[in-house]
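Shown below: model30.pdb, with PDB, C-alpha atoms and all ligand atoms.
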```pdb
MODEL        1
ATOM      1  CA  MET A   1      75.426-150.592 -19.134
ATOM      2  CA  HIS A   2      75.734-146.950 -18.177
ATOM      3  CA  LYS A   3      72.703-144.881 -17.187
ATOM      4  CA  GLU A   4      71.147-142.640 -19.889
ATOM      5  CA  ILE A   5      71.840-138.985 -19.081
ATOM      6  CA  SER A   6      68.713-136.803 -18.992
ATOM      7  CA  ASN A   7      70.185-133.558 -20.383
ATOM      8  CA  PRO A   8      73.484-134.281 -22.144
ATOM      9  CA  TYR A   9      74.402-130.545 -22.260
ATOM     10  CA  ARG A  10      74.156-130.083 -18.492
ATOM     11  CA  PRO A  11      77.459-130.542 -16.686
ATOM     12  CA  ILE A  12      77.389-132.302 -13.337
ATOM     13  CA  GLU A  13      79.278-130.352 -10.684
ATOM     14  CA  ALA A  14      82.399-132.019  -9.339
ATOM     15  CA  THR A  15      84.984-131.180  -6.665
ATOM     16  CA  VAL A  16      88.694-131.591  -7.288
ATOM     17  CA  ILE A  17      90.207-133.927  -4.704
ATOM     18  CA  LYS A  18      93.788-134.177  -5.857
ATOM     19  CA  VAL A  19      96.061-133.024  -8.675
ATOM     20  CA  ILE A  20      99.035-135.253  -9.437
ATOM     21  CA  ALA A  21     101.951-134.008 -11.590
ATOM     22  CA  GLU A  22     102.782-137.017 -13.773
ATOM     23  CA  THR A  23     105.382-135.482 -16.095
ATOM     24  CA  PRO A  24     106.521-131.904 -16.836
ATOM     25  CA  THR A  25     103.508-131.477 -19.211
ATOM     26  CA  ILE A  26     100.900-133.946 -17.915
ATOM     27  CA  LYS A  27      98.780-133.895 -14.759
ATOM     28  CA  THR A  28      96.152-136.278 -13.408
ATOM     29  CA  VAL A  29      93.107-134.645 -11.813
ATOM     30  CA  ARG A  30      91.054-136.718  -9.374
ATOM     31  CA  PHE A  31      87.555-135.403  -8.713
ATOM     32  CA  LYS A  32      84.319-136.365  -7.019
ATOM     33  CA  PRO A  33      81.138-135.673  -9.037
ATOM     34  CA  LYS A  34      78.048-134.580  -7.078
ATOM     35  CA  GLU A  35      76.134-137.413  -8.795
ATOM     36  CA  PRO A  36      77.821-140.794  -9.381
ATOM     37  CA  ILE A  37      79.017-141.238 -12.985
ATOM     38  CA  THR A  38      79.529-144.712 -14.404
ATOM     39  CA  PHE A  39      81.344-145.174 -17.690
ATOM     40  CA  GLN A  40      82.501-147.958 -19.939
ATOM     41  CA  THR A  41      86.241-147.963 -20.437
ATOM     42  CA  GLY A  42      87.066-146.012 -23.625
ATOM     43  CA  GLN A  43      84.096-143.656 -23.325
ATOM     44  CA  PHE A  44      84.912-139.991 -22.714
ATOM     45  CA  ILE A  45      83.656-136.994 -20.758
ATOM     46  CA  GLU A  46      83.565-133.259 -21.458
ATOM     47  CA  LEU A  47      85.288-131.482 -18.571
ATOM     48  CA  THR A  48      84.178-127.880 -17.989
ATOM     49  CA  ILE A  49      86.254-125.167 -16.379
ATOM     50  CA  PRO A  50      83.660-122.558 -15.370
ATOM     51  CA  GLY A  51      84.068-119.332 -17.352
ATOM     52  CA  VAL A  52      86.719-120.835 -19.630
ATOM     53  CA  GLY A  53      85.247-123.710 -21.642
ATOM     54  CA  GLU A  54      85.131-127.465 -21.924
ATOM     55  CA  ALA A  55      87.283-130.152 -23.543
ATOM     56  CA  PRO A  56      86.968-133.925 -24.044
ATOM     57  CA  PHE A  57      89.029-136.419 -22.028
ATOM     58  CA  THR A  58      88.886-140.175 -21.592
ATOM     59  CA  PRO A  59      88.863-141.112 -17.904
ATOM     60  CA  SER A  60      92.045-142.876 -16.842
ATOM     61  CA  SER A  61      90.480-144.243 -13.649
ATOM     62  CA  ARG A  62      88.798-147.527 -12.769
ATOM     63  CA  PRO A  63      85.393-147.771 -14.519
ATOM     64  CA  SER A  64      83.850-149.476 -11.474
ATOM     65  CA  ALA A  65      84.814-146.589  -9.135
ATOM     66  CA  LYS A  66      81.505-144.705  -9.149
ATOM     67  CA  ASP A  67      82.295-141.807  -6.808
ATOM     68  CA  ILE A  68      85.755-140.829  -7.991
ATOM     69  CA  MET A  69      87.001-140.163 -11.487
ATOM     70  CA  GLU A  70      90.426-139.263 -12.845
ATOM     71  CA  VAL A  71      91.508-137.674 -16.096
ATOM     72  CA  THR A  72      95.119-137.380 -17.182
ATOM     73  CA  VAL A  73      95.640-134.196 -19.140
ATOM     74  CA  MET A  74      98.423-132.890 -21.339
ATOM     75  CA  LYS A  75      98.753-129.091 -21.344
ATOM     76  CA  VAL A  76      98.299-127.938 -24.946
ATOM     77  CA  GLY A  77      96.071-124.826 -24.909
ATOM     78  CA  LYS A  78      93.389-122.728 -23.238
ATOM     79  CA  VAL A  79      91.295-125.279 -21.319
ATOM     80  CA  THR A  80      94.113-127.696 -20.522
ATOM     81  CA  ASP A  81      96.225-124.794 -19.194
ATOM     82  CA  LYS A  82      93.433-123.965 -16.702
ATOM     83  CA  ILE A  83      93.061-127.660 -15.814
ATOM     84  CA  HIS A  84      96.759-127.689 -14.908
ATOM     85  CA  GLN A  85      96.117-124.771 -12.520
ATOM     86  CA  LEU A  86      93.340-126.621 -10.625
ATOM     87  CA  LYS A  87      93.749-127.124  -6.885
ATOM     88  CA  GLU A  88      92.099-129.322  -4.281
ATOM     89  CA  GLY A  89      88.588-128.015  -3.505
ATOM     90  CA  ASP A  90      88.038-126.295  -6.888
ATOM     91  CA  THR A  91      84.723-126.840  -8.686
ATOM     92  CA  ILE A  92      84.594-128.175 -12.234
ATOM     93  CA  GLY A  93      81.822-129.574 -14.457
ATOM     94  CA  VAL A  94      81.553-132.991 -16.092
ATOM     95  CA  ARG A  95      79.354-133.971 -19.035
ATOM     96  CA  GLY A  96      79.022-137.627 -19.839
ATOM     97  CA  PRO A  97      79.860-140.391 -20.175
ATOM     98  CA  LEU A  98      79.801-139.922 -23.947
ATOM     99  CA  GLY A  99      80.515-142.080 -26.973
ATOM    100  CA  THR A 100      81.251-145.744 -27.473
ATOM    101  CA  GLY A 101      84.007-147.437 -25.512
ATOM    102  CA  TYR A 102      85.797-150.786 -25.789
ATOM    103  CA  PRO A 103      83.515-153.806 -26.394
ATOM    104  CA  ILE A 104      84.972-155.674 -23.420
ATOM    105  CA  ASN A 105      82.610-158.625 -23.799
ATOM    106  CA  GLU A 106      83.992-159.283 -27.296
ATOM    107  CA  PHE A 107      87.506-159.514 -25.814
ATOM    108  CA  LYS A 108      86.570-162.221 -23.309
ATOM    109  CA  GLY A 109      88.243-165.594 -23.828
ATOM    110  CA  LYS A 110      90.764-164.027 -26.220
ATOM    111  CA  GLU A 111      94.392-162.982 -26.158
ATOM    112  CA  VAL A 112      94.682-159.189 -26.021
ATOM    113  CA  LEU A 113      97.652-157.019 -26.950
ATOM    114  CA  VAL A 114      97.386-153.425 -25.685
ATOM    115  CA  ILE A 115      99.735-150.903 -27.289
ATOM    116  CA  GLY A 116     100.053-147.367 -25.937
ATOM    117  CA  GLY A 117     102.039-144.298 -26.821
ATOM    118  CA  GLY A 118     102.566-141.099 -24.781
ATOM    119  CA  CYS A 119      99.292-139.666 -23.461
ATOM    120  CA  GLY A 120      97.516-142.747 -24.874
ATOM    121  CA  PHE A 121      98.466-144.493 -21.608
ATOM    122  CA  ALA A 122      95.601-142.535 -19.975
ATOM    123  CA  PRO A 123      92.565-144.306 -21.488
ATOM    124  CA  LEU A 124      94.536-147.546 -21.498
ATOM    125  CA  ARG A 125      95.070-147.401 -17.731
ATOM    126  CA  SER A 126      91.294-147.522 -17.340
ATOM    127  CA  LEU A 127      91.138-150.469 -19.761
ATOM    128  CA  MET A 128      93.908-152.305 -17.889
ATOM    129  CA  TYR A 129      91.995-151.886 -14.593
ATOM    130  CA  GLU A 130      89.026-153.538 -16.289
ATOM    131  CA  PHE A 131      91.246-156.439 -17.413
ATOM    132  CA  PHE A 132      92.906-156.786 -13.993
ATOM    133  CA  ASP A 133      89.528-156.838 -12.226
ATOM    134  CA  HIS A 134      88.368-159.762 -14.418
ATOM    135  CA  SER A 135      91.682-161.228 -15.574
ATOM    136  CA  GLU A 136      90.381-164.810 -15.442
ATOM    137  CA  GLU A 137      87.989-163.923 -18.300
ATOM    138  CA  PHE A 138      90.773-163.088 -20.766
ATOM    139  CA  LYS A 139      93.187-165.636 -22.188
ATOM    140  CA  ASN A 140      96.502-163.798 -22.193
ATOM    141  CA  LEU A 141      97.254-160.106 -21.723
ATOM    142  CA  PHE A 142     100.162-158.244 -23.264
ATOM    143  CA  PHE A 143     101.036-154.553 -22.820
ATOM    144  CA  ARG A 144     103.552-152.721 -24.977
ATOM    145  CA  GLY A 145     104.090-149.022 -24.340
ATOM    146  CA  GLY A 146     106.372-146.269 -25.489
ATOM    147  CA  CYS A 147     107.075-142.604 -24.871
ATOM    148  CA  LYS A 148     109.662-139.997 -25.851
ATOM    149  CA  ASN A 149     111.954-140.343 -22.823
ATOM    150  CA  PRO A 150     111.820-141.776 -19.264
ATOM    151  CA  GLN A 151     110.601-138.419 -17.829
ATOM    152  CA  GLU A 152     107.508-138.625 -20.074
ATOM    153  CA  LEU A 153     106.510-142.107 -18.838
ATOM    154  CA  LEU A 154     103.064-141.883 -17.236
ATOM    155  CA  TYR A 155     102.104-143.749 -14.031
ATOM    156  CA  ARG A 156     105.701-144.939 -13.577
ATOM    157  CA  ASN A 157     105.245-146.431 -10.062
ATOM    158  CA  GLU A 158     102.018-148.125 -10.995
ATOM    159  CA  ILE A 159     103.447-149.589 -14.186
ATOM    160  CA  ASN A 160     106.410-150.954 -12.206
ATOM    161  CA  GLU A 161     103.806-152.861 -10.162
ATOM    162  CA  TRP A 162     102.028-154.069 -13.336
ATOM    163  CA  ALA A 163     105.375-155.496 -14.505
ATOM    164  CA  LYS A 164     105.331-157.862 -11.485
ATOM    165  CA  ARG A 165     101.895-159.332 -12.299
ATOM    166  CA  ASP A 166     101.625-162.974 -13.401
ATOM    167  CA  ASP A 167      98.626-162.224 -15.630
ATOM    168  CA  LEU A 168     100.390-159.606 -17.748
ATOM    169  CA  ASN A 169     103.335-159.646 -20.134
ATOM    170  CA  LEU A 170     104.650-156.066 -20.204
ATOM    171  CA  LYS A 171     107.425-154.312 -22.083
ATOM    172  CA  LEU A 172     108.214-150.606 -22.395
ATOM    173  CA  THR A 173     110.406-148.550 -24.650
ATOM    174  CA  VAL A 174     111.554-144.929 -24.911
ATOM    175  CA  ASP A 175     112.657-143.057 -28.024
ATOM    176  CA  LYS A 176     115.655-141.720 -26.124
ATOM    177  CA  GLY A 177     116.980-143.216 -22.871
ATOM    178  CA  ASP A 178     119.002-141.748 -20.013
ATOM    179  CA  ALA A 179     121.644-143.157 -17.663
ATOM    180  CA  ALA A 180     119.015-144.730 -15.366
ATOM    181  CA  TRP A 181     116.851-146.318 -18.104
ATOM    182  CA  LYS A 182     117.376-150.094 -18.283
ATOM    183  CA  GLY A 183     114.607-150.869 -20.787
ATOM    184  CA  ASN A 184     114.406-150.879 -24.552
ATOM    185  CA  VAL A 185     115.315-147.800 -26.618
ATOM    186  CA  GLY A 186     113.466-147.331 -29.906
ATOM    187  CA  LEU A 187     109.954-146.804 -31.249
ATOM    188  CA  VAL A 188     107.057-148.979 -29.997
ATOM    189  CA  THR A 189     107.173-150.931 -33.264
ATOM    190  CA  THR A 190     110.565-152.332 -32.108
ATOM    191  CA  ILE A 191     109.051-154.212 -29.139
ATOM    192  CA  LEU A 192     106.324-156.098 -30.971
ATOM    193  CA  ASP A 193     108.325-158.998 -32.381
ATOM    194  CA  ASP A 194     108.572-161.296 -29.343
ATOM    195  CA  ILE A 195     104.914-161.635 -28.417
ATOM    196  CA  ALA A 196     103.880-165.260 -28.040
ATOM    197  CA  MET A 197     100.272-165.011 -29.096
ATOM    198  CA  ASP A 198      98.014-166.238 -31.885
ATOM    199  CA  TYR A 199      97.773-162.977 -33.833
ATOM    200  CA  ALA A 200      95.124-164.224 -36.269
ATOM    201  CA  ASN A 201      92.654-164.747 -33.424
ATOM    202  CA  GLY A 202      93.898-162.062 -31.040
ATOM    203  CA  ILE A 203      92.762-158.527 -30.286
ATOM    204  CA  ALA A 204      95.015-155.470 -30.672
ATOM    205  CA  VAL A 205      94.060-152.265 -28.856
ATOM    206  CA  VAL A 206      96.038-149.210 -29.947
ATOM    207  CA  CYS A 207      95.943-145.738 -28.388
ATOM    208  CA  GLY A 208      98.366-142.883 -28.913
ATOM    209  CA  PRO A 209      99.236-140.020 -31.248
ATOM    210  CA  PRO A 210      97.835-140.466 -34.794
ATOM    211  CA  VAL A 211     101.243-141.098 -36.372
ATOM    212  CA  MET A 212     101.984-143.825 -33.820
ATOM    213  CA  MET A 213      98.584-145.476 -34.397
ATOM    214  CA  LYS A 214      99.196-145.387 -38.157
ATOM    215  CA  PHE A 215     102.512-147.272 -37.944
ATOM    216  CA  ILE A 216     101.314-149.681 -35.243
ATOM    217  CA  THR A 217      98.239-150.554 -37.302
ATOM    218  CA  LYS A 218     100.445-151.256 -40.332
ATOM    219  CA  LYS A 219     102.685-153.454 -38.166
ATOM    220  CA  ALA A 220      99.731-155.238 -36.556
ATOM    221  CA  LEU A 221      98.358-156.117 -40.002
ATOM    222  CA  GLU A 222     101.783-157.458 -41.039
ATOM    223  CA  MET A 223     101.873-159.524 -37.842
ATOM    224  CA  GLY A 224      98.584-161.168 -38.844
ATOM    225  CA  PHE A 225      95.928-159.363 -36.781
ATOM    226  CA  LYS A 226      92.594-159.171 -38.592
ATOM    227  CA  GLU A 227      91.367-155.661 -39.495
ATOM    228  CA  GLU A 228      88.228-156.198 -37.440
ATOM    229  CA  ASN A 229      90.304-157.145 -34.380
ATOM    230  CA  ILE A 230      92.347-153.922 -34.292
ATOM    231  CA  TYR A 231      90.742-151.228 -32.080
ATOM    232  CA  LEU A 232      91.773-147.585 -32.412
ATOM    233  CA  SER A 233      90.866-144.598 -30.262
ATOM    234  CA  MET A 234      90.148-141.633 -32.558
ATOM    235  CA  GLU A 235      90.552-138.255 -30.851
ATOM    236  CA  LYS A 236      88.980-135.954 -33.420
ATOM    237  CA  ASN A 237      88.182-132.287 -32.637
ATOM    238  CA  MET A 238      84.924-132.271 -30.740
ATOM    239  CA  SER A 239      82.358-129.759 -29.584
ATOM    240  CA  CYS A 240      78.897-131.052 -28.646
ATOM    241  CA  GLY A 241      80.099-134.605 -27.959
ATOM    242  CA  ILE A 242      76.681-136.052 -28.776
ATOM    243  CA  GLY A 243      76.438-136.276 -32.570
ATOM    244  CA  LYS A 244      74.766-132.895 -33.218
ATOM    245  CA  CYS A 245      77.367-130.361 -34.401
ATOM    246  CA  GLY A 246      79.365-132.375 -36.953
ATOM    247  CA  HIS A 247      82.792-131.169 -35.714
ATOM    248  CA  CYS A 248      84.115-134.696 -35.246
ATOM    249  CA  ARG A 249      83.034-136.169 -38.558
ATOM    250  CA  LEU A 250      85.016-139.230 -39.597
ATOM    251  CA  GLY A 251      83.805-140.342 -43.022
ATOM    252  CA  THR A 252      80.210-141.426 -42.477
ATOM    253  CA  TYR A 253      80.611-141.506 -38.688
ATOM    254  CA  TYR A 254      80.724-139.053 -35.814
ATOM    255  CA  ALA A 255      83.758-139.859 -33.651
ATOM    256  CA  CYS A 256      81.925-138.613 -30.546
ATOM    257  CA  LYS A 257      78.943-140.941 -30.958
ATOM    258  CA  ASP A 258      80.059-143.893 -33.083
ATOM    259  CA  GLY A 259      83.514-143.762 -31.409
ATOM    260  CA  PRO A 260      85.943-142.670 -30.097
ATOM    261  CA  VAL A 261      86.795-146.400 -30.161
ATOM    262  CA  PHE A 262      86.553-147.872 -33.677
ATOM    263  CA  LYS A 263      87.510-151.166 -35.278
ATOM    264  CA  TYR A 264      90.110-150.423 -37.963
ATOM    265  CA  SER A 265      87.975-152.330 -40.511
ATOM    266  CA  LYS A 266      85.156-149.816 -39.984
ATOM    267  CA  ILE A 267      87.175-146.658 -40.744
ATOM    268  CA  LYS A 268      90.125-147.837 -42.856
ATOM    269  CA  ASN A 269      88.823-146.291 -46.099
ATOM    270  CA  PHE A 270      88.398-142.766 -44.718
ATOM    271  CA  HIS A 271      91.368-140.663 -45.805
ATOM    272  CA  GLN A 272      91.398-138.436 -42.689
ATOM    273  CA  ILE A 273      91.801-141.164 -40.076
ATOM    274  CA  TRP A 274      95.453-140.384 -39.296
ATOM    275  CA  ASP A 275      95.107-136.544 -39.404
TER     276      ASP A 275
HETATM  277  C1  LIG B 301      87.538-138.402 -27.202
HETATM  278  C2  LIG B 301      88.760-137.616 -26.787
HETATM  279  C3  LIG B 301      89.467-138.006 -25.666
HETATM  280  C4  LIG B 301      90.591-137.275 -25.269
HETATM  281  N1  LIG B 301      91.266-137.684 -24.153
HETATM  282  C5  LIG B 301      92.331-136.995 -23.738
HETATM  283  C6  LIG B 301      93.025-137.376 -22.547
HETATM  284  O1  LIG B 301      92.668-138.352 -21.874
HETATM  285  N2  LIG B 301      94.086-136.613 -22.176
HETATM  286  C7  LIG B 301      94.504-135.509 -22.908
HETATM  287  O2  LIG B 301      95.464-134.853 -22.514
HETATM  288  N3  LIG B 301      93.860-135.140 -24.019
HETATM  289  C8  LIG B 301      92.789-135.832 -24.459
HETATM  290  N4  LIG B 301      92.125-135.427 -25.581
HETATM  291  C9  LIG B 301      92.592-134.215 -26.296
HETATM  292  C10 LIG B 301      92.041-132.991 -25.576
HETATM  293  O3  LIG B 301      90.636-132.959 -25.689
HETATM  294  C11 LIG B 301      92.642-131.713 -26.186
HETATM  295  O4  LIG B 301      94.012-131.663 -25.902
HETATM  296  C12 LIG B 301      91.948-130.478 -25.599
HETATM  297  O5  LIG B 301      90.643-130.395 -26.136
HETATM  298  C13 LIG B 301      92.718-129.212 -25.956
HETATM  299  O6  LIG B 301      91.983-128.129 -25.407
HETATM  300  P1  LIG B 301      92.676-126.725 -25.100
HETATM  301  O7  LIG B 301      91.585-125.716 -24.944
HETATM  302  O8  LIG B 301      93.637-126.847 -23.978
HETATM  303  O9  LIG B 301      93.508-126.474 -26.415
HETATM  304  P2  LIG B 301      93.191-125.434 -27.602
HETATM  305  O10 LIG B 301      93.587-124.092 -27.098
HETATM  306  O11 LIG B 301      91.803-125.614 -28.104
HETATM  307  O12 LIG B 301      94.154-125.994 -28.740
HETATM  308  C14 LIG B 301      95.519-126.302 -28.535
HETATM  309  C15 LIG B 301      95.968-127.341 -29.566
HETATM  310  O13 LIG B 301      95.306-128.591 -29.365
HETATM  311  C16 LIG B 301      94.587-128.977 -30.540
HETATM  312  N5  LIG B 301      93.265-129.476 -30.135
HETATM  313  C17 LIG B 301      92.237-128.762 -29.636
HETATM  314  N6  LIG B 301      91.193-129.527 -29.336
HETATM  315  C18 LIG B 301      91.549-130.796 -29.667
HETATM  316  C19 LIG B 301      90.885-132.050 -29.595
HETATM  317  N7  LIG B 301      89.636-132.191 -29.128
HETATM  318  N8  LIG B 301      91.568-133.140 -29.984
HETATM  319  C20 LIG B 301      92.812-133.039 -30.442
HETATM  320  N9  LIG B 301      93.492-131.876 -30.542
HETATM  321  C21 LIG B 301      92.870-130.773 -30.161
HETATM  322  C22 LIG B 301      94.430-127.725 -31.378
HETATM  323  O14 LIG B 301      94.380-128.048 -32.765
HETATM  324  C23 LIG B 301      95.671-126.944 -31.016
HETATM  325  O15 LIG B 301      96.765-127.353 -31.773
HETATM  326  C24 LIG B 301      91.018-136.144 -26.007
HETATM  327  C25 LIG B 301      90.288-135.757 -27.143
HETATM  328  C26 LIG B 301      89.182-136.468 -27.532
HETATM  329  C27 LIG B 301      88.421-136.039 -28.728
HETATM  330  S1  LIG B 302      81.333-133.374 -31.435
HETATM  331 FE1  LIG B 302      79.462-132.643 -32.253
HETATM  332  S2  LIG B 302      78.929-134.199 -33.646
HETATM  333 FE2  LIG B 302      80.658-134.997 -32.651
ENDMDL
END
```

Please go through the file and, once you have read it, give me the structure as structure tokens.
Amino acid sequence: MHKEISNPYRPIEATVIKVIAETPTIKTVRFKPKEPITFQTGQFIELTIPGVGEAPFTPSSRPSAKDIMEVTVMKVGKVTDKIHQLKEGDTIGVRGPLGTGYPINEFKGKEVLVIGGGCGFAPLRSLMYEFFDHSEEFKNLFFRGGCKNPQELLYRNEINEWAKRDDLNLKLTVDKGDAAWKGNVGLVTTILDDIAMDYANGIAVVCGPPVMMKFITKKALEMGFKEENIYLSMEKNMSCGIGKCGHCRLGTYYACKDGPVFKYSKIKNFHQIWD
């Protein structure tokens, strides 16, 4: 379990160690917090750029790495633009960990299918590290991932290494290929039909843009996954991150406190889940 944070509004200072350009629009920032931060995979942090503001991100790094954390950030606006300008040695702030992550213990002994789209690979990389570090505790692991084109594929070198692992069945797809792409072309839903697992008793973890999660959830239900075994990561607009301001309301829940990871069965009746 992670340590309770004394003042959840106070950012911990952190020093940027490295900035890695992943794709034309996505960078990974590695930083060292002044105090060790432990998180459960799927939890998030609020990253502060002094004088600019803060924004929520799910760490993409190994949960057990206490001194170093990484976030993988797509440039979409004010804060993320400044994050993309960070350089080694810069000071940032980190609030967290916040929210409820993946219930890893409930996955133990089961077959798990992880499905990622685009920037959704970021939180899932942290989850995959957790699986790899304890792979004997899970029955069978499957990863299916998709992105717009080969240039947008996150962690390409690392994922090529994952593909060689005996404890993982991995397949990728792109919406539009190029001359060098040898994999599948098509939406992620097109690479879900050859998975040799017992869907009715398996776990499906889905993370990606809302429209992708909507269609994958529909497909997962058709495949036979139970509603309570489908886990979604809900990235609602957030401010306080601790269940006080109401910005992230999702039906009767606060996505920042009760999520961001939710079982589909828990939120399926709220009309705004795919917004
Ligand atoms: C729990 C959680 C985890 C997240 N993890 C990641 C991650 O690992 N990597 C990543 O790149 N992004 C992640 N996001 C999204 C990220 O927080 C937003 O992209 C960021 O807040 C945008 O800030 P900005 O100031 O750059 O953009 P703004 O200038 O505020 O807005 C630019 C655009 O982004 C939209 N936007 C703003 N805030 C959010 C928000 N919180 N969620 C969704 N859309 C938003 C706005 O509607 C607008 O269209 C996560 C969001 C949440 C809630
Ligand atoms: S972000 Fe304030 S209640 Fe969730």

Do you know which residues the PyMOL selection byres (((chain A and resi 191-203) around 6) and not hetatm) returns on this file, as a PyMOL selection string?
chain A and resi 111-112+188-190+204+224-225+229

Can I get the selected residues back with C-alpha atoms, as a PDB file, keeping the file's coordinate frame?
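Output contents, as saved in again29.pdb:
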```
ATOM      1  CA  GLU A 111      94.392-162.982 -26.158  1.00  0.00           C
ATOM      2  CA  VAL A 112      94.682-159.189 -26.021  1.00  0.00           C
ATOM      3  CA  VAL A 188     107.057-148.979 -29.997  1.00  0.00           C
ATOM      4  CA  THR A 189     107.173-150.931 -33.264  1.00  0.00           C
ATOM      5  CA  THR A 190     110.565-152.332 -32.108  1.00  0.00           C
ATOM      6  CA  ALA A 204      95.015-155.470 -30.672  1.00  0.00           C
ATOM      7  CA  GLY A 224      98.584-161.168 -38.844  1.00  0.00           C
ATOM      8  CA  PHE A 225      95.928-159.363 -36.781  1.00  0.00           C
ATOM      9  CA  ASN A 229      90.304-157.145 -34.380  1.00  0.00           C
TER      10      ASN A 229
END
```

Report, in Å with one decimal, the straight-line distance from atom CA of Met213 of chain A to atom CA of Val174 of chain A.
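Here the two named atoms are 16.1 Å from each other.
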
Show me which residues sit within 7 Å of ligand LIG 301 (chain B) when counting only C-alpha atoms and all ligand atoms, and put them as a short mmCIF file (atom, residue, chain, number, x, y, z; two decimals) with C-alpha atoms, in the frame of the given file.
```
data_model
loop_
_atom_site.label_atom_id
_atom_site.label_comp_id
_atom_site.auth_asym_id
_atom_site.auth_seq_id
_atom_site.Cartn_x
_atom_site.Cartn_y
_atom_site.Cartn_z
CA PHE A 44 84.91 -139.99 -22.71
CA ALA A 55 87.28 -130.15 -23.54
CA PRO A 56 86.97 -133.93 -24.04
CA PHE A 57 89.03 -136.42 -22.03
CA THR A 58 88.89 -140.18 -21.59
CA PRO A 59 88.86 -141.11 -17.90
CA SER A 60 92.04 -142.88 -16.84
CA VAL A 71 91.51 -137.67 -16.10
CA THR A 72 95.12 -137.38 -17.18
CA VAL A 73 95.64 -134.20 -19.14
CA MET A 74 98.42 -132.89 -21.34
CA LYS A 75 98.75 -129.09 -21.34
CA VAL A 76 98.30 -127.94 -24.95
CA GLY A 77 96.07 -124.83 -24.91
CA LYS A 78 93.39 -122.73 -23.24
CA VAL A 79 91.30 -125.28 -21.32
CA THR A 80 94.11 -127.70 -20.52
CA ASP A 81 96.22 -124.79 -19.19
CA CYS A 119 99.29 -139.67 -23.46
CA ALA A 122 95.60 -142.54 -19.98
CA PRO A 123 92.56 -144.31 -21.49
CA MET A 234 90.15 -141.63 -32.56
CA GLU A 235 90.55 -138.26 -30.85
CA LYS A 236 88.98 -135.95 -33.42
CA ASN A 237 88.18 -132.29 -32.64
CA MET A 238 84.92 -132.27 -30.74
CA CYS A 256 81.92 -138.61 -30.55
CA PRO A 260 85.94 -142.67 -30.10
#
```

Which residue out of A:Gly246, A:Gly53, A:Gly259, A:Gly118 has the minimum interatomic distance to ligand LIG 302 (chain B) when all atoms listed in the file are used?
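For ligand LIG 302 (chain B), the nearest of the given residues is A:Gly246.
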
Counting only C-alpha atoms and all ligand atoms, what residues are within 7 Å of ligand LIG 302 (chain B), given as a list in words?
Met238, Ser239, Cys240, Gly241, Ile242, Gly243, Lys244, Cys245, Gly246, His247, Cys248, Arg249, Tyr254, Ala255, Cys256 and Lys257 of chain A

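Excluding Gln40 of chain A itself and any same-chain residue fewer than 6 positions from it, the protein and nucleic acid residues within 12 Å of it, counting all atoms listed in the file, are Met1, His2, Lys3, Thr58, Pro59, Ser60, Ser61, Arg62, Pro63, Ser64, Ala65, Lys66, Gly96, Pro97, Leu98, Gly99, Thr100, Gly101, Tyr102, Pro103, Ile104, Asn105, Pro123, Ser126, Leu127, Tyr129, Glu130, Pro260 and Val261 of chain A.
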
I need the residues from that last selection saved to file as an mmCIF file, in the frame of the given file (with C-alpha atoms), if you can.
```cif
data_model
loop_
_atom_site.group_PDB
_atom_site.id
_atom_site.type_symbol
_atom_site.label_atom_id
_atom_site.label_comp_id
_atom_site.auth_asym_id
_atom_site.auth_seq_id
_atom_site.Cartn_x
_atom_site.Cartn_y
_atom_site.Cartn_z
ATOM 1 C CA MET A 1 75.426 -150.592 -19.134
ATOM 2 C CA HIS A 2 75.734 -146.950 -18.177
ATOM 3 C CA LYS A 3 72.703 -144.881 -17.187
ATOM 4 C CA THR A 58 88.886 -140.175 -21.592
ATOM 5 C CA PRO A 59 88.863 -141.112 -17.904
ATOM 6 C CA SER A 60 92.045 -142.876 -16.842
ATOM 7 C CA SER A 61 90.480 -144.243 -13.649
ATOM 8 C CA ARG A 62 88.798 -147.527 -12.769
ATOM 9 C CA PRO A 63 85.393 -147.771 -14.519
ATOM 10 C CA SER A 64 83.850 -149.476 -11.474
ATOM 11 C CA ALA A 65 84.814 -146.589 -9.135
ATOM 12 C CA LYS A 66 81.505 -144.705 -9.149
ATOM 13 C CA GLY A 96 79.022 -137.627 -19.839
ATOM 14 C CA PRO A 97 79.860 -140.391 -20.175
ATOM 15 C CA LEU A 98 79.801 -139.922 -23.947
ATOM 16 C CA GLY A 99 80.515 -142.080 -26.973
ATOM 17 C CA THR A 100 81.251 -145.744 -27.473
ATOM 18 C CA GLY A 101 84.007 -147.437 -25.512
ATOM 19 C CA TYR A 102 85.797 -150.786 -25.789
ATOM 20 C CA PRO A 103 83.515 -153.806 -26.394
ATOM 21 C CA ILE A 104 84.972 -155.674 -23.420
ATOM 22 C CA ASN A 105 82.610 -158.625 -23.799
ATOM 23 C CA PRO A 123 92.565 -144.306 -21.488
ATOM 24 C CA SER A 126 91.294 -147.522 -17.340
ATOM 25 C CA LEU A 127 91.138 -150.469 -19.761
ATOM 26 C CA TYR A 129 91.995 -151.886 -14.593
ATOM 27 C CA GLU A 130 89.026 -153.538 -16.289
ATOM 28 C CA PRO A 260 85.943 -142.670 -30.097
ATOM 29 C CA VAL A 261 86.795 -146.400 -30.161
#
```

For atom CA of Lys110 of chain A and atom CA of Leu250 of chain A, determine how far apart the two atoms are, in Å to one decimal place.
28.8 Å

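We find atom CA of Leu153 of chain A and atom CA of Ile17 of chain A to be spaced 23.1 Å apart.
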
Quick one: residues within 12 Å of Leu172 of chain A, all atoms listed in the file, excluding same-chain residues fewer than 5 positions away - as a PyMOL selection string?
chain A and resi 114-118+121+142-150+153-154+156+159-160+162-163+177+181-192

Using all atoms listed in the file for the distances, tell me which of A:Ile26, A:Ile37, A:Leu86, A:Ile230 is nearest to Phe262 of chain A.
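Of the candidates, the smallest distance to Phe262 of chain A is held by A:Ile230.
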